[in-house]
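Asker: I'd like to ask you about the structure that follows.
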Amino acid sequence: MPRNSHATFTVDSAVELAVIERSGFIESRHIGSAVVLSADGQVVTELGDIRTPIYARSTLKPFQAMASMQAGVPLRGAQVALACASHVGSLEHMDVVETMLKAAGVTEDDLRCPADWPYDEAARNWLLRSEKGKSRLAFNCSGKHAAFLWACTENGWDKSTYLDPTHPLQEQIRAVIEEYTEEEIAHMGIDGCGAPVAAVSLTGLARAYSTLAKAPGNKNSNARAATIATSMLDYPWAIQGTGQPNTIVMDELGVIAKIGAEGVLVMATDQGVSVAVKVLDGNIRATSLVGLTLLAAAEAIEVPAVARVLEKVVDPVLGGGVPVGRMRLGSAVAALLD
């Protein structure tokens with residue numbers, strides 16, 4: 001993959017993944033690309049352009065966490081999941097991140113992610129009542145950053161520059177990403193939290209998650225990969241939050257699920273069947289519908305179970321507070337079910 005590739009795929013090479021129907025009228029169309037890989041890494045389903053790089057955004061967090069662990073960070077239990085999380089900033093989320101910082105011998109002030117209000121209502125109200133204001137602990141990437149800091153203290157690396165692309169930890173992260181995607185990173189940028197973010201293909205991203213998801217059942221796999229996959233499923237509340245789509249999918253289906261900003265989602269079963277989705281307009285609302293449907297169409301998960309979960313993770317189309325429409329599959333995805 002060439003390093004001078006500085007743009008993702010275009011609408012001309014994408015397909016219709018989902019539509020929003022209101023009062024019998026199609027109001028919006030979500031265009032994008034998606035790929036399903038079999039357990040042995042073969043392309044089962046190819047929709048749109050699955051080879052041009054995308055910024056994988058927060059779907060890379062498990063591999064960033066893996067690099068931190070390989071650098072000596074002794075993450076355990078929910079800490080592992082928090083290092084992989086895009087969390088809602090609940091009090092439970094913030095408590096776990098605080099334990100990570102304390103174990104590393106650092107404080108919230110050492111985090112280089114922005115301060116933010118929690119998405120979680122109870123935590124936000126607590127910060128308002130206590131007049132603490134925005135908190136770096138509440139930022140959705142705080143667990144990842146806490147693991148980064150812990151890697152620095154374990155190795156004597158500079159804590160103030162841990163987000164620099166030339167920092168030893170970031171160099172290790174790049175190596176892990178390339179190992180698991182089995183492709184050269186096409187481009188490096190800066191993520192919303194300030195950390196470096198890699199551009200890889202949807203196929204490479206799906207391949208990485210396939211290997212990760214299979215790790216617990218593969219005696220020859222990286223033990224840290226097995227720990228990460230197991231912890232994500234054991235602590236699904238930590239990955240996003242109670243009632244949130246990724247958490248529901250993992251809790252009810254036992255499928256690893258991870259969103260990324262700008263319309264990215266990856267899922268993988270414990271057998272290693274994986275799906276990667278990129279919605280070109282950057283909206284994530286259709287990703288769970290598309291991803292789960294593609295896994296069901298590939299017979300990787302049962303249709304009735306998917307239907308039950310979709311009722312919980314797909315937002316209704318409301319008018320005056322009552323349903324007046326629905327999100328439904330676009331033509332490219334619906335054709336797979338015929």
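In the structure tokens, the first chain shown is A, the next is B, and so on; residue numbers restart at 1 for each chain, and ligands run from 1 in the order shown.
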Can you list, as a PyMOL selection string, every protein, DNA or RNA residue that comes within 12 Å of stretch 7-11 of chain A when you count only C-alpha atoms, leaving out same-chain residues fewer than 6 positions away?

Answerer: chain A and resi 17+29-34+48-56+186-189+199-202+262+278-282

Asker: Could you name the residues that touch stretch 133-147 of chain A at 7 Å or less, counting only C-alpha atoms, but leaving out those on the same chain fewer than 6 positions away, as a PyMOL selection string?

Answerer: chain A and resi 65+68+82-89+94+97+100-101+108+111+113-118+127+193

Asker: Let me see the file: selected residues, C-alpha atoms, as a PDB file, in the first residue's frame.

Answerer:
ATOM      1  CA  ALA A  65      -3.404  -1.368  24.388  1.00  0.00           C
ATOM      2  CA  SER A  68       1.288  -0.830  26.106  1.00  0.00           C
ATOM      3  CA  LEU A  82     -10.726   0.493  29.623  1.00  0.00           C
ATOM      4  CA  ALA A  83      -7.478   0.714  27.678  1.00  0.00           C
ATOM      5  CA  CYS A  84      -9.489  -0.427  24.623  1.00  0.00           C
ATOM      6  CA  ALA A  85     -12.548   1.687  25.357  1.00  0.00           C
ATOM      7  CA  SER A  86     -14.445   4.561  23.834  1.00  0.00           C
ATOM      8  CA  HIS A  87     -16.385   4.984  27.046  1.00  0.00           C
ATOM      9  CA  VAL A  88     -19.198   7.294  28.095  1.00  0.00           C
ATOM     10  CA  GLY A  89     -17.351   8.619  31.141  1.00  0.00           C
ATOM     11  CA  MET A  94     -13.510   7.156  35.675  1.00  0.00           C
ATOM     12  CA  VAL A  97      -8.921   4.984  34.978  1.00  0.00           C
ATOM     13  CA  MET A 100      -4.595   2.860  36.473  1.00  0.00           C
ATOM     14  CA  LEU A 101      -3.075   6.301  37.014  1.00  0.00           C
ATOM     15  CA  GLU A 108      -4.962  13.123  35.901  1.00  0.00           C
ATOM     16  CA  LEU A 111      -2.979  12.844  30.784  1.00  0.00           C
ATOM     17  CA  CYS A 113      -6.202  13.838  26.261  1.00  0.00           C
ATOM     18  CA  PRO A 114      -8.562  16.841  26.466  1.00  0.00           C
ATOM     19  CA  ALA A 115     -10.810  17.492  29.457  1.00  0.00           C
ATOM     20  CA  ASP A 116     -14.442  16.772  28.663  1.00  0.00           C
ATOM     21  CA  TRP A 117     -17.923  16.434  30.095  1.00  0.00           C
ATOM     22  CA  PRO A 118     -19.070  12.806  30.409  1.00  0.00           C
ATOM     23  CA  LEU A 127     -19.268  16.849  38.124  1.00  0.00           C
ATOM     24  CA  CYS A 193      -7.614  12.649  21.511  1.00  0.00           C
TER      25      CYS A 193
END

Asker: From stretch 42-246 of chain A, collect each residue whose DSSP state is strand (DSSP E or B) and return the set as a list in words.

Answerer: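 Filtering stretch 42-246 of chain A down to strand (DSSP E or B) leaves Val43, Val44, Thr45, Glu46, Leu47, Ile54, Tyr55, Asp116, Ser135, His187, Met188, Gly189, Ile190, Pro196, Val197, Ala198, Ala199 and Val200 of chain A.
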
Asker: Give me a file of those residues, with all heavy atoms, as a short mmCIF file (atom, residue, chain, number, x, y, z; two decimals), in the first residue's frame.

Answerer:
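And here's out-v3.cif as it stands now:
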data_model
loop_
_atom_site.label_atom_id
_atom_site.label_comp_id
_atom_site.auth_asym_id
_atom_site.auth_seq_id
_atom_site.Cartn_x
_atom_site.Cartn_y
_atom_site.Cartn_z
N VAL A 43 -11.96 -13.19 1.85
CA VAL A 43 -13.05 -12.24 1.70
C VAL A 43 -14.33 -12.99 1.36
O VAL A 43 -14.42 -13.68 0.34
CB VAL A 43 -12.73 -11.20 0.60
CG1 VAL A 43 -13.94 -10.29 0.36
CG2 VAL A 43 -11.51 -10.37 0.99
N VAL A 44 -15.32 -12.88 2.23
CA VAL A 44 -16.63 -13.51 2.03
C VAL A 44 -17.59 -12.55 1.36
O VAL A 44 -18.35 -12.92 0.46
CB VAL A 44 -17.21 -13.98 3.39
CG1 VAL A 44 -18.63 -14.51 3.22
CG2 VAL A 44 -16.32 -15.04 4.01
N THR A 45 -17.57 -11.30 1.81
CA THR A 45 -18.45 -10.27 1.28
C THR A 45 -17.63 -9.01 1.03
O THR A 45 -16.88 -8.57 1.90
CB THR A 45 -19.59 -9.95 2.26
OG1 THR A 45 -20.29 -11.14 2.58
CG2 THR A 45 -20.55 -8.93 1.66
N GLU A 46 -17.81 -8.43 -0.14
CA GLU A 46 -17.09 -7.21 -0.50
C GLU A 46 -18.11 -6.21 -1.03
O GLU A 46 -18.71 -6.42 -2.08
CB GLU A 46 -16.03 -7.50 -1.55
CG GLU A 46 -15.27 -6.29 -2.04
CD GLU A 46 -14.15 -6.66 -3.02
OE1 GLU A 46 -13.81 -7.86 -3.13
OE2 GLU A 46 -13.63 -5.74 -3.67
N LEU A 47 -18.30 -5.13 -0.29
CA LEU A 47 -19.22 -4.07 -0.69
C LEU A 47 -18.45 -2.77 -0.82
O LEU A 47 -17.90 -2.27 0.16
CB LEU A 47 -20.34 -3.92 0.33
CG LEU A 47 -21.27 -5.13 0.54
CD1 LEU A 47 -22.27 -4.84 1.64
CD2 LEU A 47 -21.98 -5.50 -0.74
N ILE A 54 -8.51 3.91 5.18
CA ILE A 54 -9.37 4.76 5.99
C ILE A 54 -8.63 5.04 7.29
O ILE A 54 -7.77 4.26 7.70
CB ILE A 54 -10.72 4.09 6.31
CG1 ILE A 54 -10.51 2.86 7.21
CG2 ILE A 54 -11.47 3.72 5.06
CD1 ILE A 54 -11.74 2.36 7.90
N TYR A 55 -8.92 6.15 7.94
CA TYR A 55 -8.45 6.32 9.31
C TYR A 55 -9.29 5.39 10.19
O TYR A 55 -10.51 5.52 10.26
CB TYR A 55 -8.64 7.75 9.79
CG TYR A 55 -7.50 8.68 9.46
CD1 TYR A 55 -7.74 10.02 9.12
CD2 TYR A 55 -6.17 8.27 9.53
CE1 TYR A 55 -6.71 10.89 8.83
CE2 TYR A 55 -5.13 9.13 9.24
CZ TYR A 55 -5.40 10.44 8.89
OH TYR A 55 -4.38 11.30 8.61
N ASP A 116 -13.14 16.84 29.32
CA ASP A 116 -14.44 16.77 28.66
C ASP A 116 -15.53 16.56 29.71
O ASP A 116 -15.26 16.15 30.84
CB ASP A 116 -14.45 15.61 27.67
CG ASP A 116 -15.51 15.75 26.59
OD1 ASP A 116 -16.24 16.77 26.59
OD2 ASP A 116 -15.61 14.85 25.73
N SER A 135 -13.41 17.00 32.97
CA SER A 135 -12.36 16.15 33.50
C SER A 135 -11.70 15.36 32.37
O SER A 135 -12.38 14.89 31.44
CB SER A 135 -12.95 15.16 34.52
OG SER A 135 -12.01 14.17 34.87
N HIS A 187 -0.77 5.96 5.99
CA HIS A 187 -0.65 7.37 6.38
C HIS A 187 -0.83 7.46 7.88
O HIS A 187 -1.56 6.67 8.47
CB HIS A 187 -1.72 8.20 5.66
CG HIS A 187 -1.59 9.68 5.87
ND1 HIS A 187 -0.57 10.44 5.33
CD2 HIS A 187 -2.37 10.55 6.55
CE1 HIS A 187 -0.73 11.70 5.68
NE2 HIS A 187 -1.81 11.79 6.42
N MET A 188 -0.17 8.42 8.51
CA MET A 188 -0.35 8.67 9.94
C MET A 188 -0.87 10.09 10.14
O MET A 188 -0.39 11.04 9.51
CB MET A 188 0.98 8.50 10.70
CG MET A 188 1.50 7.08 10.75
SD MET A 188 0.47 5.91 11.67
CE MET A 188 0.58 6.58 13.33
N GLY A 189 -1.87 10.21 11.00
CA GLY A 189 -2.43 11.51 11.33
C GLY A 189 -2.58 11.65 12.83
O GLY A 189 -1.98 10.90 13.60
N ILE A 190 -3.38 12.62 13.26
CA ILE A 190 -3.63 12.87 14.68
C ILE A 190 -5.10 12.64 14.97
O ILE A 190 -5.98 13.22 14.33
CB ILE A 190 -3.24 14.30 15.09
CG1 ILE A 190 -1.79 14.58 14.73
CG2 ILE A 190 -3.48 14.51 16.58
CD1 ILE A 190 -0.79 13.67 15.42
N PRO A 196 -1.44 9.64 17.76
CA PRO A 196 -1.30 9.28 16.34
C PRO A 196 -2.37 8.27 15.94
O PRO A 196 -2.74 7.40 16.73
CB PRO A 196 0.10 8.67 16.27
CG PRO A 196 0.84 9.26 17.42
CD PRO A 196 -0.19 9.39 18.51
N VAL A 197 -2.86 8.38 14.71
CA VAL A 197 -3.86 7.44 14.20
C VAL A 197 -3.43 6.97 12.82
O VAL A 197 -2.93 7.75 12.01
CB VAL A 197 -5.26 8.08 14.15
CG1 VAL A 197 -5.32 9.26 13.21
CG2 VAL A 197 -6.31 7.05 13.78
N ALA A 198 -3.60 5.68 12.57
CA ALA A 198 -3.13 5.08 11.33
C ALA A 198 -4.26 4.93 10.32
O ALA A 198 -5.41 4.67 10.68
CB ALA A 198 -2.52 3.70 11.63
N ALA A 199 -3.88 5.07 9.06
CA ALA A 199 -4.79 4.77 7.96
C ALA A 199 -4.45 3.39 7.41
O ALA A 199 -3.31 3.14 7.01
CB ALA A 199 -4.68 5.82 6.86
N VAL A 200 -5.42 2.50 7.43
CA VAL A 200 -5.27 1.14 6.90
C VAL A 200 -6.53 0.81 6.10
O VAL A 200 -7.52 1.53 6.16
CB VAL A 200 -5.05 0.11 8.02
CG1 VAL A 200 -3.77 0.39 8.79
CG2 VAL A 200 -6.25 0.09 8.98
#

Asker: Tell me which protein, DNA and RNA residues are within 8 Å of A:Ala78, counting only C-alpha atoms, leaving out same-chain ones fewer than 4 positions away, and put them as a list in words.

Answerer: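 Final neighbour list, sorted by chain and number: Leu82, Val96, Ser231, Tyr235 and Ala238 of chain A.
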
Asker: Go ahead and dump the residues you just picked, N, CA and C atoms, as a short mmCIF file (atom, residue, chain, number, x, y, z; two decimals), in the first residue's frame.

Answerer:
data_model
loop_
_atom_site.label_atom_id
_atom_site.label_comp_id
_atom_site.auth_asym_id
_atom_site.auth_seq_id
_atom_site.Cartn_x
_atom_site.Cartn_y
_atom_site.Cartn_z
N LEU A 82 -10.76 -0.97 29.65
CA LEU A 82 -10.73 0.49 29.62
C LEU A 82 -9.65 1.02 28.70
N VAL A 96 -12.01 3.35 37.30
CA VAL A 96 -11.00 2.40 36.82
C VAL A 96 -9.79 3.15 36.25
N SER A 231 -11.00 -9.94 27.91
CA SER A 231 -11.41 -8.84 28.79
C SER A 231 -12.48 -7.97 28.15
N TYR A 235 -15.90 -7.66 30.26
CA TYR A 235 -16.25 -6.34 30.80
C TYR A 235 -16.83 -5.45 29.70
N ALA A 238 -17.34 -1.70 30.14
CA ALA A 238 -16.17 -0.82 30.14
C ALA A 238 -15.82 -0.33 28.74
#

Asker: Taking into account only C-alpha atoms, which residue in the set A:Met250, A:Ala335, A:Ala195, A:Leu128 is nearest to A:Val306?

Answerer: A:Met250

Asker: Can you pull out the residues contacting stretch 170-177 of chain A? Cut-off 10 Å, using only C-alpha atoms, and skip same-chain residues under 3 positions away; I want them as a tab-separated table (two decimals) with all heavy atoms, in the first residue's frame.

Answerer:
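Saved result, part.tsv, follows:
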chain	number	residue	atom	x	y	z
A	60	LEU	N	-8.63	1.06	16.57
A	60	LEU	CA	-7.24	0.64	16.79
A	60	LEU	C	-6.88	0.50	18.27
A	60	LEU	O	-5.80	0.03	18.61
A	60	LEU	CB	-6.28	1.64	16.14
A	60	LEU	CG	-6.32	1.70	14.61
A	60	LEU	CD1	-5.40	2.80	14.11
A	60	LEU	CD2	-5.93	0.36	14.00
A	61	LYS	N	-7.77	0.87	19.16
A	61	LYS	CA	-7.43	0.89	20.59
A	61	LYS	C	-6.97	-0.46	21.14
A	61	LYS	O	-6.04	-0.49	21.95
A	61	LYS	CB	-8.60	1.45	21.41
A	61	LYS	CG	-8.73	2.96	21.30
A	61	LYS	CD	-9.92	3.50	22.06
A	61	LYS	CE	-9.97	5.01	21.96
A	61	LYS	NZ	-11.19	5.56	22.58
A	62	PRO	N	-7.58	-1.58	20.76
A	62	PRO	CA	-7.05	-2.85	21.29
A	62	PRO	C	-5.58	-3.08	20.92
A	62	PRO	O	-4.84	-3.69	21.71
A	62	PRO	CB	-7.96	-3.90	20.64
A	62	PRO	CG	-9.24	-3.18	20.39
A	62	PRO	CD	-8.82	-1.79	20.00
A	63	PHE	N	-5.15	-2.59	19.79
A	63	PHE	CA	-3.77	-2.80	19.36
A	63	PHE	C	-2.83	-1.78	20.00
A	63	PHE	O	-1.67	-2.08	20.27
A	63	PHE	CB	-3.73	-2.78	17.84
A	63	PHE	CG	-4.74	-3.71	17.25
A	63	PHE	CD1	-5.94	-3.23	16.76
A	63	PHE	CD2	-4.53	-5.08	17.28
A	63	PHE	CE1	-6.92	-4.09	16.28
A	63	PHE	CE2	-5.50	-5.96	16.80
A	63	PHE	CZ	-6.69	-5.47	16.31
A	64	GLN	N	-3.37	-0.60	20.29
A	64	GLN	CA	-2.61	0.36	21.09
A	64	GLN	C	-2.43	-0.17	22.51
A	64	GLN	O	-1.35	-0.05	23.10
A	64	GLN	CB	-3.32	1.71	21.08
A	64	GLN	CG	-3.33	2.37	19.71
A	64	GLN	CD	-4.30	3.55	19.63
A	64	GLN	OE1	-5.42	3.50	20.13
A	64	GLN	NE2	-3.86	4.63	18.98
A	65	ALA	N	-3.50	-0.77	23.05
A	65	ALA	CA	-3.40	-1.37	24.39
A	65	ALA	C	-2.41	-2.53	24.40
A	65	ALA	O	-1.66	-2.71	25.37
A	65	ALA	CB	-4.79	-1.85	24.84
A	66	MET	N	-2.41	-3.31	23.32
A	66	MET	CA	-1.49	-4.43	23.24
A	66	MET	C	-0.03	-3.95	23.29
A	66	MET	O	0.81	-4.54	23.97
A	66	MET	CB	-1.72	-5.23	21.96
A	66	MET	CG	-1.02	-6.58	21.96
A	66	MET	SD	-1.31	-7.49	20.43
A	66	MET	CE	-3.10	-7.50	20.36
A	67	ALA	N	0.26	-2.87	22.58
A	67	ALA	CA	1.62	-2.32	22.61
A	67	ALA	C	1.98	-1.86	24.01
A	67	ALA	O	3.12	-2.05	24.46
A	67	ALA	CB	1.73	-1.16	21.62
A	68	SER	N	1.03	-1.24	24.72
A	68	SER	CA	1.29	-0.83	26.11
A	68	SER	C	1.60	-2.04	26.98
A	68	SER	O	2.53	-2.02	27.80
A	68	SER	CB	0.09	-0.06	26.67
A	68	SER	OG	-0.12	1.16	25.99
A	70	GLN	N	2.74	-4.96	25.96
A	70	GLN	CA	4.04	-5.51	25.54
A	70	GLN	C	5.19	-4.67	26.06
A	70	GLN	O	6.32	-5.16	26.20
A	70	GLN	CB	4.10	-5.63	24.02
A	70	GLN	CG	3.18	-6.72	23.49
A	70	GLN	CD	3.17	-6.88	21.98
A	70	GLN	OE1	2.55	-7.78	21.44
A	70	GLN	NE2	3.86	-5.99	21.29
A	71	ALA	N	4.89	-3.41	26.38
A	71	ALA	CA	5.90	-2.53	26.97
A	71	ALA	C	6.00	-2.70	28.48
A	71	ALA	O	6.72	-1.96	29.15
A	71	ALA	CB	5.60	-1.08	26.63
A	148	PHE	N	-0.94	4.41	28.23
A	148	PHE	CA	0.25	5.02	27.62
A	148	PHE	C	1.18	5.57	28.71
A	148	PHE	O	2.40	5.34	28.67
A	148	PHE	CB	-0.16	6.17	26.70
A	148	PHE	CG	-0.78	5.76	25.38
A	148	PHE	CD1	-1.28	6.73	24.52
A	148	PHE	CD2	-0.86	4.43	24.99
A	148	PHE	CE1	-1.84	6.38	23.31
A	148	PHE	CE2	-1.43	4.07	23.77
A	148	PHE	CZ	-1.92	5.06	22.93
A	162	TYR	N	4.45	11.49	25.27
A	162	TYR	CA	4.03	10.14	24.88
A	162	TYR	C	3.15	10.11	23.64
A	162	TYR	O	2.95	9.05	23.04
A	162	TYR	CB	3.36	9.41	26.06
A	162	TYR	CG	1.97	9.89	26.44
A	162	TYR	CD1	0.83	9.49	25.75
A	162	TYR	CD2	1.77	10.72	27.55
A	162	TYR	CE1	-0.44	9.88	26.12
A	162	TYR	CE2	0.51	11.12	27.94
A	162	TYR	CZ	-0.59	10.71	27.21
A	162	TYR	OH	-1.85	11.11	27.60
A	163	LEU	N	2.63	11.27	23.20
A	163	LEU	CA	1.82	11.31	21.99
A	163	LEU	C	2.65	11.66	20.75
A	163	LEU	O	2.12	11.66	19.63
A	163	LEU	CB	0.69	12.33	22.14
A	163	LEU	CG	-0.35	12.02	23.21
A	163	LEU	CD1	-1.45	13.06	23.22
A	163	LEU	CD2	-0.95	10.63	23.01
A	164	ASP	N	3.91	11.96	20.93
A	164	ASP	CA	4.77	12.27	19.79
A	164	ASP	C	4.94	11.02	18.93
A	164	ASP	O	5.23	9.94	19.44
A	164	ASP	CB	6.13	12.74	20.30
A	164	ASP	CG	6.98	13.34	19.18
A	164	ASP	OD1	7.18	12.65	18.16
A	164	ASP	OD2	7.44	14.47	19.34
A	165	PRO	N	4.75	11.13	17.62
A	165	PRO	CA	4.89	9.95	16.75
A	165	PRO	C	6.25	9.27	16.85
A	165	PRO	O	6.36	8.07	16.52
A	165	PRO	CB	4.66	10.52	15.35
A	165	PRO	CG	3.83	11.73	15.56
A	165	PRO	CD	4.31	12.32	16.87
A	166	THR	N	7.27	10.00	17.29
A	166	THR	CA	8.61	9.40	17.40
A	166	THR	C	8.88	8.81	18.79
A	166	THR	O	9.97	8.28	19.02
A	166	THR	CB	9.68	10.45	17.08
A	166	THR	OG1	9.64	11.51	18.07
A	166	THR	CG2	9.48	11.04	15.70
A	167	HIS	N	7.91	8.91	19.69
A	167	HIS	CA	8.08	8.35	21.03
A	167	HIS	C	8.22	6.83	20.92
A	167	HIS	O	7.59	6.19	20.07
A	167	HIS	CB	6.86	8.69	21.89
A	167	HIS	CG	7.02	8.43	23.35
A	167	HIS	ND1	6.85	7.17	23.90
A	167	HIS	CD2	7.36	9.25	24.38
A	167	HIS	CE1	7.05	7.24	25.21
A	167	HIS	NE2	7.37	8.49	25.53
A	180	TYR	N	-0.74	-6.95	12.88
A	180	TYR	CA	-2.08	-7.53	12.92
A	180	TYR	C	-2.89	-7.24	11.66
A	180	TYR	O	-3.72	-8.07	11.26
A	180	TYR	CB	-2.82	-7.09	14.18
A	180	TYR	CG	-2.45	-7.94	15.37
A	180	TYR	CD1	-1.25	-7.75	16.05
A	180	TYR	CD2	-3.26	-8.99	15.79
A	180	TYR	CE1	-0.87	-8.56	17.11
A	180	TYR	CE2	-2.90	-9.81	16.84
A	180	TYR	CZ	-1.69	-9.59	17.50
A	180	TYR	OH	-1.33	-10.41	18.54
A	181	THR	N	-2.70	-6.10	11.04
A	181	THR	CA	-3.41	-5.82	9.78
A	181	THR	C	-2.74	-6.52	8.60
A	181	THR	O	-3.35	-6.69	7.55
A	181	THR	CB	-3.46	-4.32	9.48
A	181	THR	OG1	-2.12	-3.80	9.39
A	181	THR	CG2	-4.24	-3.57	10.56
A	182	GLU	N	-1.47	-6.90	8.80
A	182	GLU	CA	-0.66	-7.52	7.74
A	182	GLU	C	-0.52	-6.61	6.54
A	182	GLU	O	-0.52	-7.07	5.38
A	182	GLU	CB	-1.24	-8.89	7.34
A	182	GLU	CG	-1.25	-9.90	8.47
A	182	GLU	CD	-1.78	-11.25	8.04
A	182	GLU	OE1	-1.73	-11.56	6.83
A	182	GLU	OE2	-2.26	-12.00	8.92
A	183	GLU	N	-0.41	-5.32	6.80
A	183	GLU	CA	-0.17	-4.37	5.73
A	183	GLU	C	0.58	-3.15	6.28
A	183	GLU	O	0.56	-2.88	7.48
A	183	GLU	CB	-1.47	-3.93	5.06
A	183	GLU	CG	-2.44	-3.20	5.97
A	183	GLU	CD	-3.75	-2.87	5.27
A	183	GLU	OE1	-4.28	-3.75	4.55
A	183	GLU	OE2	-4.25	-1.74	5.44
A	184	GLU	N	1.24	-2.47	5.38
A	184	GLU	CA	1.97	-1.26	5.77
A	184	GLU	C	0.98	-0.12	5.99
A	184	GLU	O	0.04	0.06	5.22
A	184	GLU	CB	2.94	-0.89	4.64
A	184	GLU	CG	3.85	0.29	4.94
A	184	GLU	CD	4.79	0.58	3.79
A	184	GLU	OE1	4.68	-0.09	2.76
A	184	GLU	OE2	5.62	1.49	3.94
A	185	ILE	N	1.19	0.63	7.06
A	185	ILE	CA	0.34	1.80	7.33
A	185	ILE	C	0.50	2.78	6.17
A	185	ILE	O	1.61	3.13	5.77
A	185	ILE	CB	0.72	2.45	8.67
A	185	ILE	CG1	0.32	1.51	9.82
A	185	ILE	CG2	0.04	3.80	8.83
A	185	ILE	CD1	0.83	1.96	11.18
A	188	MET	N	-0.17	8.42	8.51
A	188	MET	CA	-0.35	8.67	9.94
A	188	MET	C	-0.87	10.09	10.14
A	188	MET	O	-0.39	11.04	9.51
A	188	MET	CB	0.98	8.50	10.70
A	188	MET	CG	1.50	7.08	10.75
A	188	MET	SD	0.47	5.91	11.67
A	188	MET	CE	0.58	6.58	13.33
A	195	ALA	N	-3.63	11.51	19.96
A	195	ALA	CA	-2.71	10.41	19.69
A	195	ALA	C	-2.55	10.20	18.18
A	195	ALA	O	-3.46	10.53	17.41
A	195	ALA	CB	-3.21	9.12	20.33
A	196	PRO	N	-1.44	9.64	17.76
A	196	PRO	CA	-1.30	9.28	16.34
A	196	PRO	C	-2.37	8.27	15.94
A	196	PRO	O	-2.74	7.40	16.73
A	196	PRO	CB	0.10	8.67	16.27
A	196	PRO	CG	0.84	9.26	17.42
A	196	PRO	CD	-0.19	9.39	18.51
A	197	VAL	N	-2.86	8.38	14.71
A	197	VAL	CA	-3.86	7.44	14.20
A	197	VAL	C	-3.43	6.97	12.82
A	197	VAL	O	-2.93	7.75	12.01
A	197	VAL	CB	-5.26	8.08	14.15
A	197	VAL	CG1	-5.32	9.26	13.21
A	197	VAL	CG2	-6.31	7.05	13.78
A	198	ALA	N	-3.60	5.68	12.57
A	198	ALA	CA	-3.13	5.08	11.33
A	198	ALA	C	-4.26	4.93	10.32
A	198	ALA	O	-5.41	4.67	10.68
A	198	ALA	CB	-2.52	3.70	11.63
A	200	VAL	N	-5.42	2.50	7.43
A	200	VAL	CA	-5.27	1.14	6.90
A	200	VAL	C	-6.53	0.81	6.10
A	200	VAL	O	-7.52	1.53	6.16
A	200	VAL	CB	-5.05	0.11	8.02
A	200	VAL	CG1	-3.77	0.39	8.79
A	200	VAL	CG2	-6.25	0.09	8.98
A	204	GLY	N	-7.60	-4.90	5.95
A	204	GLY	CA	-6.57	-5.06	6.98
A	204	GLY	C	-7.14	-4.95	8.38
A	204	GLY	O	-6.76	-5.70	9.29
A	205	LEU	N	-8.08	-4.03	8.56
A	205	LEU	CA	-8.71	-3.84	9.87
A	205	LEU	C	-9.52	-5.07	10.26
A	205	LEU	O	-9.45	-5.55	11.40
A	205	LEU	CB	-9.59	-2.60	9.82
A	205	LEU	CG	-10.13	-2.06	11.14
A	205	LEU	CD1	-9.01	-1.75	12.12
A	205	LEU	CD2	-10.99	-0.82	10.88
A	208	ALA	N	-7.14	-7.81	11.28
A	208	ALA	CA	-6.59	-7.62	12.62
A	208	ALA	C	-7.56	-8.10	13.69
A	208	ALA	O	-7.17	-8.76	14.67
A	208	ALA	CB	-6.25	-6.14	12.83

Asker: Excluding stretch 216-226 of chain A and residues on its chain fewer than 2 positions from it, collect all residues at most 8 Å away from it, counting only C-alpha atoms, and give them as an NGL selection string.

Answerer: :A and (66 or 69-70 or 212-214 or 228-230 or 270)

Asker: Identify, with DSSP run on backbone atoms, the residues in stretch 239-290 of chain A assigned to helix (DSSP H, G or I), and express the list as a ChimeraX atom specification.

Answerer: /A:239,245-253,287-290

Asker: Please compute the atom CA of A:Leu294-atom CA of A:Ser38 distance, one decimal, in Å.

Answerer: 11.8 Å

Asker: Counting only C-alpha atoms, which residue out of A:Val290, A:Leu318, A:Val249, A:Leu169 sits closest to A:Ala334?

Answerer: A:Val290

Asker: How far is it from atom CA of A:Val80 to atom CA of A:Lys159, in Å with one decimal?

Answerer: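 These two atoms are separated by 20.2 Å.
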
Asker: Counting only C-alpha atoms, what is within 8 Å of A:Val309, bar same-chain residues fewer than 2 positions away, as a list in words?

Answerer: Ile248, Val249, Glu252, Ala305, Val306, Ala307, Glu311, Lys312 and Val313 of chain A

Asker: My list of candidates is A:Leu75, A:Ala151, A:Val35, A:Leu91. Which is closest to A:Trp237 when distances are computed with only C-alpha atoms?

Answerer: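 The closest residue to A:Trp237 is A:Leu91.
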
Asker: One decimal, Å: what's the distance from atom CA of A:Glu121 over to atom CA of A:Asp95, could you say?

Answerer: 15.8 Å
